[in-house]
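Scroll down for the structure; my scribbles are underneath it.
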Amino acid sequence: MQTLSTAKAHGGTQGAYRHASTATGTDMTFSVFVPEHDAGETLPVLWYLSGLTCTHANVTDKGEYRAACAEHRIVFVAPDTSPRGDGVADDPAWDMGQGAGFYVDATQAPWSPHFRMRSYIEDELPALIAAGFPVDMAAQGITGHSMGGHGALTIALRNPDRFRSVSAFAPIVAPSQVPWGEKAFGGYLGDDRAAWREHDAVALIENGARLPDVLVDQGEADGFLAEQLRPDLLRAACDAAGIPLTLRMQPGYDHSYNFISTFMADHIGWAAARLRT
């Protein structure tokens with residue numbers, strides 16, 4: 001693991017790091033904020049998965065999470081959204097290819113050699129973080145935005161014993177039923193829609209996956225709300241399954257980091273209440 005940069009913030013350390021990933025076969029970059037702590041002490045960890053077109057840097061620069069993480073003493077980890085670099089498949093559209101990994105392990109050419117973001121986020125990066133940072137891996141939470149909200153929900157639903165806190169900002173809750181997901185899943189996973197269900201939060205809930213509770217914030221002025229995000233489908237699935245869902249529709253807010261940064265401290269507080277019990 002190579003340290004790209006570190007800086008003191010709110011008494012802790014904000015760093016950016018790079019390593020050679022065996023999952024993706026590429027270099028991968030991520031950021032970690034570690035609050036001030038005693039020698040030998042370990043802290044809860046909150047994973048943040050970013051949305052389409054983003055790298056680790058978007059939330060690092062604009063997410064406004066450090067003050068709340070310092071207050072609640074939570075490590076904040078922000079991975080990249082896809083493999084990148086020469087020899088990595090891409091697409092001219094912004095919603096496919098580099099920057100748009102959808103947190104799946106691709107099975108179709110030309111994506112399958114490198115686009116293995118499920119394995120990277122679920123297995124490889126947690127092992128690296130556990131070995132290199134003062135984290136308590138028994139106290140993990142996960143959140144994310146848009147495509148990353150999709151990733152946070154599906155990863156948590158597939159690994160319910162790993163995450164004690166789950167939340168999302170404007171997530172794509174049913175990618176199998178909306179244009180973004182149909183395009184990405186068709187490209188990465190092929191035409192068998194049954195194979196898509198383990199990457200779809202609503203489908204996972206319908207198939208029996210459960211979480212103790214979930215927090216979702218959604219801007220009412222989000223231009224993607226009606227066609228791509230569909231929080232109504234998540235509400236219906238959670239109601240049918242008896243999963244407590246706190247769905248907060250936020251008047252006037254859009255899909256940007258102006259929205260995310262406004263409610264970031266709430267999500268960190270939500271995580272802290274569950275990670276420190």
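Residues in the structure tokens are named by chain (A, B, ... in the order shown) and by number from 1 within that chain; ligands are numbered from 1 in the order shown.
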Write out as a ChimeraX atom specification the set of residues from segment 56-178 of chain A that DSSP, computed on the backbone, places in alpha helix (DSSP H). /A:56-62,66-72,117-119,125-132,147-158
Go through segment 15-224 of chain A and collect every residue that DSSP, computed from the backbone, puts in strand (DSSP E); the answer should be as a PDB file with N, CA, C and O atoms, in the first residue's frame.
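The result, written out as result_3.pdb:
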```
ATOM      1  N   GLY A  15      -6.128  10.616   4.808  1.00  0.00           N
ATOM      2  CA  GLY A  15      -5.121  10.114   3.891  1.00  0.00           C
ATOM      3  C   GLY A  15      -5.722   9.581   2.612  1.00  0.00           C
ATOM      4  O   GLY A  15      -6.905   9.229   2.558  1.00  0.00           O
ATOM      5  N   ALA A  16      -4.895   9.531   1.568  1.00  0.00           N
ATOM      6  CA  ALA A  16      -5.253   8.877   0.310  1.00  0.00           C
ATOM      7  C   ALA A  16      -4.179   7.836   0.024  1.00  0.00           C
ATOM      8  O   ALA A  16      -2.979   8.081   0.252  1.00  0.00           O
ATOM      9  N   TYR A  17      -4.596   6.677  -0.499  1.00  0.00           N
ATOM     10  CA  TYR A  17      -3.712   5.525  -0.614  1.00  0.00           C
ATOM     11  C   TYR A  17      -3.967   4.799  -1.927  1.00  0.00           C
ATOM     12  O   TYR A  17      -5.049   4.880  -2.499  1.00  0.00           O
ATOM     13  N   ARG A  18      -2.928   4.063  -2.375  1.00  0.00           N
ATOM     14  CA  ARG A  18      -3.054   3.275  -3.593  1.00  0.00           C
ATOM     15  C   ARG A  18      -2.429   1.904  -3.356  1.00  0.00           C
ATOM     16  O   ARG A  18      -1.447   1.767  -2.617  1.00  0.00           O
ATOM     17  N   HIS A  19      -3.023   0.888  -3.987  1.00  0.00           N
ATOM     18  CA  HIS A  19      -2.439  -0.450  -3.882  1.00  0.00           C
ATOM     19  C   HIS A  19      -2.746  -1.220  -5.157  1.00  0.00           C
ATOM     20  O   HIS A  19      -3.641  -0.855  -5.937  1.00  0.00           O
ATOM     21  N   ALA A  20      -2.007  -2.292  -5.373  1.00  0.00           N
ATOM     22  CA  ALA A  20      -2.241  -3.177  -6.506  1.00  0.00           C
ATOM     23  C   ALA A  20      -3.293  -4.193  -6.098  1.00  0.00           C
ATOM     24  O   ALA A  20      -3.079  -5.003  -5.196  1.00  0.00           O
ATOM     25  N   ASP A  27      -4.230  -1.031 -10.285  1.00  0.00           N
ATOM     26  CA  ASP A  27      -4.055  -0.194  -9.097  1.00  0.00           C
ATOM     27  C   ASP A  27      -5.401   0.393  -8.708  1.00  0.00           C
ATOM     28  O   ASP A  27      -6.189   0.810  -9.574  1.00  0.00           O
ATOM     29  N   MET A  28      -5.662   0.436  -7.417  1.00  0.00           N
ATOM     30  CA  MET A  28      -6.895   1.035  -6.897  1.00  0.00           C
ATOM     31  C   MET A  28      -6.527   2.075  -5.845  1.00  0.00           C
ATOM     32  O   MET A  28      -5.599   1.878  -5.056  1.00  0.00           O
ATOM     33  N   THR A  29      -7.284   3.168  -5.840  1.00  0.00           N
ATOM     34  CA  THR A  29      -7.049   4.273  -4.922  1.00  0.00           C
ATOM     35  C   THR A  29      -8.244   4.423  -3.995  1.00  0.00           C
ATOM     36  O   THR A  29      -9.385   4.208  -4.401  1.00  0.00           O
ATOM     37  N   PHE A  30      -7.979   4.765  -2.725  1.00  0.00           N
ATOM     38  CA  PHE A  30      -9.047   4.972  -1.759  1.00  0.00           C
ATOM     39  C   PHE A  30      -8.582   5.991  -0.733  1.00  0.00           C
ATOM     40  O   PHE A  30      -7.383   6.292  -0.625  1.00  0.00           O
ATOM     41  N   SER A  31      -9.527   6.543   0.024  1.00  0.00           N
ATOM     42  CA  SER A  31      -9.176   7.472   1.094  1.00  0.00           C
ATOM     43  C   SER A  31      -9.683   6.948   2.424  1.00  0.00           C
ATOM     44  O   SER A  31     -10.675   6.201   2.478  1.00  0.00           O
ATOM     45  N   VAL A  32      -9.003   7.337   3.492  1.00  0.00           N
ATOM     46  CA  VAL A  32      -9.377   6.934   4.853  1.00  0.00           C
ATOM     47  C   VAL A  32      -9.179   8.126   5.775  1.00  0.00           C
ATOM     48  O   VAL A  32      -8.114   8.756   5.774  1.00  0.00           O
ATOM     49  N   PHE A  33     -10.206   8.425   6.572  1.00  0.00           N
ATOM     50  CA  PHE A  33     -10.066   9.384   7.665  1.00  0.00           C
ATOM     51  C   PHE A  33     -10.039   8.619   8.977  1.00  0.00           C
ATOM     52  O   PHE A  33     -10.949   7.838   9.266  1.00  0.00           O
ATOM     53  N   VAL A  34      -8.983   8.839   9.751  1.00  0.00           N
ATOM     54  CA  VAL A  34      -8.828   8.190  11.055  1.00  0.00           C
ATOM     55  C   VAL A  34      -8.867   9.268  12.131  1.00  0.00           C
ATOM     56  O   VAL A  34      -7.980  10.126  12.195  1.00  0.00           O
ATOM     57  N   LEU A  43     -11.189   1.561  16.322  1.00  0.00           N
ATOM     58  CA  LEU A  43     -12.403   2.363  16.192  1.00  0.00           C
ATOM     59  C   LEU A  43     -13.381   1.712  15.212  1.00  0.00           C
ATOM     60  O   LEU A  43     -12.971   0.991  14.303  1.00  0.00           O
ATOM     61  N   PRO A  44     -14.674   1.990  15.359  1.00  0.00           N
ATOM     62  CA  PRO A  44     -15.642   1.536  14.352  1.00  0.00           C
ATOM     63  C   PRO A  44     -15.310   2.122  12.984  1.00  0.00           C
ATOM     64  O   PRO A  44     -14.655   3.165  12.874  1.00  0.00           O
ATOM     65  N   VAL A  45     -15.785   1.461  11.936  1.00  0.00           N
ATOM     66  CA  VAL A  45     -15.481   1.887  10.570  1.00  0.00           C
ATOM     67  C   VAL A  45     -16.775   2.015   9.781  1.00  0.00           C
ATOM     68  O   VAL A  45     -17.662   1.162   9.869  1.00  0.00           O
ATOM     69  N   LEU A  46     -16.862   3.100   9.012  1.00  0.00           N
ATOM     70  CA  LEU A  46     -17.998   3.348   8.130  1.00  0.00           C
ATOM     71  C   LEU A  46     -17.491   3.382   6.695  1.00  0.00           C
ATOM     72  O   LEU A  46     -16.644   4.202   6.346  1.00  0.00           O
ATOM     73  N   TRP A  47     -18.027   2.495   5.871  1.00  0.00           N
ATOM     74  CA  TRP A  47     -17.703   2.448   4.442  1.00  0.00           C
ATOM     75  C   TRP A  47     -18.655   3.361   3.686  1.00  0.00           C
ATOM     76  O   TRP A  47     -19.866   3.313   3.903  1.00  0.00           O
ATOM     77  N   TYR A  48     -18.112   4.153   2.777  1.00  0.00           N
ATOM     78  CA  TYR A  48     -18.920   5.032   1.928  1.00  0.00           C
ATOM     79  C   TYR A  48     -18.645   4.680   0.471  1.00  0.00           C
ATOM     80  O   TYR A  48     -17.498   4.790   0.005  1.00  0.00           O
ATOM     81  N   LEU A  49     -19.684   4.269  -0.253  1.00  0.00           N
ATOM     82  CA  LEU A  49     -19.556   3.917  -1.664  1.00  0.00           C
ATOM     83  C   LEU A  49     -20.119   5.038  -2.527  1.00  0.00           C
ATOM     84  O   LEU A  49     -21.265   5.456  -2.343  1.00  0.00           O
ATOM     85  N   VAL A  75     -13.869   5.690  11.899  1.00  0.00           N
ATOM     86  CA  VAL A  75     -13.020   5.700  10.713  1.00  0.00           C
ATOM     87  C   VAL A  75     -13.918   5.696   9.472  1.00  0.00           C
ATOM     88  O   VAL A  75     -14.906   4.959   9.410  1.00  0.00           O
ATOM     89  N   PHE A  76     -13.573   6.508   8.482  1.00  0.00           N
ATOM     90  CA  PHE A  76     -14.378   6.669   7.262  1.00  0.00           C
ATOM     91  C   PHE A  76     -13.537   6.230   6.070  1.00  0.00           C
ATOM     92  O   PHE A  76     -12.468   6.797   5.813  1.00  0.00           O
ATOM     93  N   VAL A  77     -14.019   5.230   5.340  1.00  0.00           N
ATOM     94  CA  VAL A  77     -13.284   4.675   4.198  1.00  0.00           C
ATOM     95  C   VAL A  77     -14.071   4.933   2.918  1.00  0.00           C
ATOM     96  O   VAL A  77     -15.256   4.600   2.827  1.00  0.00           O
ATOM     97  N   ALA A  78     -13.417   5.518   1.912  1.00  0.00           N
ATOM     98  CA  ALA A  78     -14.058   5.837   0.632  1.00  0.00           C
ATOM     99  C   ALA A  78     -13.267   5.208  -0.513  1.00  0.00           C
ATOM    100  O   ALA A  78     -12.226   5.724  -0.908  1.00  0.00           O
ATOM    101  N   PRO A  79     -13.735   4.081  -1.064  1.00  0.00           N
ATOM    102  CA  PRO A  79     -13.067   3.462  -2.217  1.00  0.00           C
ATOM    103  C   PRO A  79     -13.402   4.179  -3.522  1.00  0.00           C
ATOM    104  O   PRO A  79     -14.291   5.034  -3.582  1.00  0.00           O
ATOM    105  N   VAL A 135      -8.918  -0.230  13.020  1.00  0.00           N
ATOM    106  CA  VAL A 135     -10.362  -0.415  12.900  1.00  0.00           C
ATOM    107  C   VAL A 135     -10.805  -1.645  13.677  1.00  0.00           C
ATOM    108  O   VAL A 135     -10.088  -2.644  13.769  1.00  0.00           O
ATOM    109  N   ASP A 136     -12.020  -1.545  14.197  1.00  0.00           N
ATOM    110  CA  ASP A 136     -12.677  -2.670  14.854  1.00  0.00           C
ATOM    111  C   ASP A 136     -13.616  -3.291  13.829  1.00  0.00           C
ATOM    112  O   ASP A 136     -14.697  -2.766  13.570  1.00  0.00           O
ATOM    113  N   MET A 137     -13.217  -4.410  13.245  1.00  0.00           N
ATOM    114  CA  MET A 137     -14.000  -5.007  12.166  1.00  0.00           C
ATOM    115  C   MET A 137     -15.272  -5.680  12.678  1.00  0.00           C
ATOM    116  O   MET A 137     -16.088  -6.135  11.871  1.00  0.00           O
ATOM    117  N   ALA A 138     -15.461  -5.706  13.990  1.00  0.00           N
ATOM    118  CA  ALA A 138     -16.735  -6.168  14.552  1.00  0.00           C
ATOM    119  C   ALA A 138     -17.752  -5.035  14.627  1.00  0.00           C
ATOM    120  O   ALA A 138     -18.895  -5.270  15.031  1.00  0.00           O
ATOM    121  N   ALA A 139     -17.330  -3.822  14.280  1.00  0.00           N
ATOM    122  CA  ALA A 139     -18.217  -2.654  14.319  1.00  0.00           C
ATOM    123  C   ALA A 139     -18.124  -1.924  12.987  1.00  0.00           C
ATOM    124  O   ALA A 139     -17.461  -0.892  12.855  1.00  0.00           O
ATOM    125  N   GLN A 140     -18.793  -2.474  11.968  1.00  0.00           N
ATOM    126  CA  GLN A 140     -18.774  -1.908  10.626  1.00  0.00           C
ATOM    127  C   GLN A 140     -20.152  -1.380  10.243  1.00  0.00           C
ATOM    128  O   GLN A 140     -21.171  -2.013  10.521  1.00  0.00           O
ATOM    129  N   GLY A 141     -20.162  -0.237   9.571  1.00  0.00           N
ATOM    130  CA  GLY A 141     -21.360   0.302   8.955  1.00  0.00           C
ATOM    131  C   GLY A 141     -21.077   0.591   7.503  1.00  0.00           C
ATOM    132  O   GLY A 141     -19.923   0.669   7.073  1.00  0.00           O
ATOM    133  N   ILE A 142     -22.138   0.770   6.711  1.00  0.00           N
ATOM    134  CA  ILE A 142     -21.965   1.048   5.295  1.00  0.00           C
ATOM    135  C   ILE A 142     -23.031   2.029   4.840  1.00  0.00           C
ATOM    136  O   ILE A 142     -24.181   1.976   5.282  1.00  0.00           O
ATOM    137  N   THR A 143     -22.624   2.951   3.966  1.00  0.00           N
ATOM    138  CA  THR A 143     -23.523   3.911   3.360  1.00  0.00           C
ATOM    139  C   THR A 143     -23.018   4.214   1.955  1.00  0.00           C
ATOM    140  O   THR A 143     -21.949   3.733   1.550  1.00  0.00           O
ATOM    141  N   GLY A 144     -23.774   4.984   1.206  1.00  0.00           N
ATOM    142  CA  GLY A 144     -23.340   5.330  -0.139  1.00  0.00           C
ATOM    143  C   GLY A 144     -24.375   6.170  -0.840  1.00  0.00           C
ATOM    144  O   GLY A 144     -25.492   6.360  -0.354  1.00  0.00           O
ATOM    145  N   PHE A 163     -22.546  -5.952   8.925  1.00  0.00           N
ATOM    146  CA  PHE A 163     -22.806  -4.519   9.072  1.00  0.00           C
ATOM    147  C   PHE A 163     -23.875  -4.271  10.131  1.00  0.00           C
ATOM    148  O   PHE A 163     -24.993  -4.761  10.037  1.00  0.00           O
ATOM    149  N   ARG A 164     -23.524  -3.457  11.114  1.00  0.00           N
ATOM    150  CA  ARG A 164     -24.466  -3.112  12.176  1.00  0.00           C
ATOM    151  C   ARG A 164     -25.222  -1.831  11.864  1.00  0.00           C
ATOM    152  O   ARG A 164     -26.169  -1.476  12.564  1.00  0.00           O
ATOM    153  N   SER A 165     -24.821  -1.122  10.821  1.00  0.00           N
ATOM    154  CA  SER A 165     -25.487   0.111  10.406  1.00  0.00           C
ATOM    155  C   SER A 165     -25.542   0.155   8.890  1.00  0.00           C
ATOM    156  O   SER A 165     -24.538  -0.125   8.224  1.00  0.00           O
ATOM    157  N   VAL A 166     -26.718   0.496   8.339  1.00  0.00           N
ATOM    158  CA  VAL A 166     -26.896   0.586   6.894  1.00  0.00           C
ATOM    159  C   VAL A 166     -27.702   1.840   6.586  1.00  0.00           C
ATOM    160  O   VAL A 166     -28.769   2.071   7.175  1.00  0.00           O
ATOM    161  N   SER A 167     -27.195   2.661   5.660  1.00  0.00           N
ATOM    162  CA  SER A 167     -27.934   3.846   5.226  1.00  0.00           C
ATOM    163  C   SER A 167     -27.551   4.156   3.792  1.00  0.00           C
ATOM    164  O   SER A 167     -26.637   3.544   3.227  1.00  0.00           O
ATOM    165  N   ALA A 168     -28.264   5.110   3.178  1.00  0.00           N
ATOM    166  CA  ALA A 168     -27.967   5.471   1.791  1.00  0.00           C
ATOM    167  C   ALA A 168     -28.522   6.848   1.485  1.00  0.00           C
ATOM    168  O   ALA A 168     -29.525   7.279   2.059  1.00  0.00           O
ATOM    169  N   PHE A 169     -27.863   7.517   0.532  1.00  0.00           N
ATOM    170  CA  PHE A 169     -28.311   8.788  -0.025  1.00  0.00           C
ATOM    171  C   PHE A 169     -28.794   8.532  -1.455  1.00  0.00           C
ATOM    172  O   PHE A 169     -28.013   8.081  -2.307  1.00  0.00           O
ATOM    173  N   VAL A 214     -32.947   0.531   8.245  1.00  0.00           N
ATOM    174  CA  VAL A 214     -32.258   1.238   7.166  1.00  0.00           C
ATOM    175  C   VAL A 214     -32.675   2.706   7.204  1.00  0.00           C
ATOM    176  O   VAL A 214     -33.858   3.017   7.409  1.00  0.00           O
ATOM    177  N   LEU A 215     -31.714   3.594   6.964  1.00  0.00           N
ATOM    178  CA  LEU A 215     -31.981   5.023   6.794  1.00  0.00           C
ATOM    179  C   LEU A 215     -31.704   5.406   5.347  1.00  0.00           C
ATOM    180  O   LEU A 215     -30.631   5.099   4.815  1.00  0.00           O
ATOM    181  N   VAL A 216     -32.662   6.071   4.707  1.00  0.00           N
ATOM    182  CA  VAL A 216     -32.477   6.589   3.345  1.00  0.00           C
ATOM    183  C   VAL A 216     -32.923   8.045   3.316  1.00  0.00           C
ATOM    184  O   VAL A 216     -34.026   8.375   3.755  1.00  0.00           O
ATOM    185  N   ASP A 217     -32.054   8.899   2.800  1.00  0.00           N
ATOM    186  CA  ASP A 217     -32.420  10.278   2.492  1.00  0.00           C
ATOM    187  C   ASP A 217     -32.518  10.436   0.991  1.00  0.00           C
ATOM    188  O   ASP A 217     -31.655   9.955   0.245  1.00  0.00           O
ATOM    189  N   GLN A 218     -33.577  11.123   0.558  1.00  0.00           N
ATOM    190  CA  GLN A 218     -33.824  11.321  -0.869  1.00  0.00           C
ATOM    191  C   GLN A 218     -34.311  12.742  -1.114  1.00  0.00           C
ATOM    192  O   GLN A 218     -35.273  13.189  -0.500  1.00  0.00           O
ATOM    193  N   GLY A 219     -33.631  13.466  -2.009  1.00  0.00           N
ATOM    194  CA  GLY A 219     -34.059  14.807  -2.364  1.00  0.00           C
ATOM    195  C   GLY A 219     -35.280  14.788  -3.254  1.00  0.00           C
ATOM    196  O   GLY A 219     -35.328  14.058  -4.246  1.00  0.00           O
TER     197      GLY A 219
END
```
Which of A:Ala184, A:Leu229, A:Leu125, A:Ala195 sits closest to Ala23 of chain A [using only C-alpha atoms]: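 Smallest separation from Ala23 of chain A among the options: A:Leu125.
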Nearby residues (only C-alpha atoms) at most 10 Å from segment 173-181 of chain A, same-chain spacing under 5 positions excluded, as a count of residues only: 34
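You will find atom CA of Glu64 of chain A at 5.4 Å from atom CA of Ser261 of chain A.
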Closest of A:Ser256, A:Pro212, A:Leu225, A:Gly40 to Ile243 of chain A - atom-to-atom distances counting only C-alpha atoms: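 Of all the options, A:Pro212 lies closest to Ile243 of chain A.
Across A:Ala127, A:Met264, A:Ala93, A:Ala273, the tightest approach to Ala67 of chain A is made by A:Met264 when counting only C-alpha atoms.
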Considering only C-alpha atoms, return as a list in words whatever protein or nucleic-acid residues lie within 10 Å of Thr107 of chain A, sequence-local ones (same chain, fewer than 5 positions apart) excluded.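 Selected residues are Ser112, Pro113, Phe115, Arg116, Phe185, Gly187, Tyr188, Leu189 and Gly190 of chain A.
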Write to file, as a short mmCIF file (atom, residue, chain, number, x, y, z; two decimals), in the first residue's frame, the residues of the selection just made, with N, CA, C and O atoms.
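Once written, again_9.cif looks like this:
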```
data_model
loop_
_atom_site.label_atom_id
_atom_site.label_comp_id
_atom_site.auth_asym_id
_atom_site.auth_seq_id
_atom_site.Cartn_x
_atom_site.Cartn_y
_atom_site.Cartn_z
N SER A 112 -15.25 -8.55 -17.78
CA SER A 112 -14.94 -9.54 -16.74
C SER A 112 -13.49 -9.57 -16.27
O SER A 112 -13.25 -9.90 -15.10
N PRO A 113 -12.48 -9.23 -17.06
CA PRO A 113 -11.12 -9.32 -16.53
C PRO A 113 -10.83 -8.36 -15.37
O PRO A 113 -10.02 -8.69 -14.50
N PHE A 115 -13.50 -5.76 -14.00
CA PHE A 115 -14.63 -5.18 -13.28
C PHE A 115 -15.17 -6.19 -12.26
O PHE A 115 -16.17 -6.86 -12.46
N ARG A 116 -14.44 -6.27 -11.14
CA ARG A 116 -14.77 -7.19 -10.05
C ARG A 116 -14.90 -6.40 -8.74
O ARG A 116 -14.24 -6.67 -7.75
N PHE A 185 -26.40 -3.95 -15.86
CA PHE A 185 -26.48 -5.38 -15.58
C PHE A 185 -26.46 -6.19 -16.87
O PHE A 185 -25.84 -7.26 -16.93
N GLY A 187 -24.90 -5.36 -19.57
CA GLY A 187 -23.52 -5.35 -20.04
C GLY A 187 -22.58 -6.17 -19.19
O GLY A 187 -21.77 -6.95 -19.71
N TYR A 188 -22.67 -6.02 -17.88
CA TYR A 188 -21.73 -6.69 -16.98
C TYR A 188 -22.09 -8.14 -16.70
O TYR A 188 -21.21 -8.99 -16.52
N LEU A 189 -23.40 -8.44 -16.60
CA LEU A 189 -23.85 -9.75 -16.12
C LEU A 189 -24.55 -10.60 -17.18
O LEU A 189 -24.81 -11.78 -16.94
N GLY A 190 -24.89 -10.02 -18.32
CA GLY A 190 -25.54 -10.77 -19.38
C GLY A 190 -27.05 -10.68 -19.32
O GLY A 190 -27.62 -9.94 -18.52
#
```
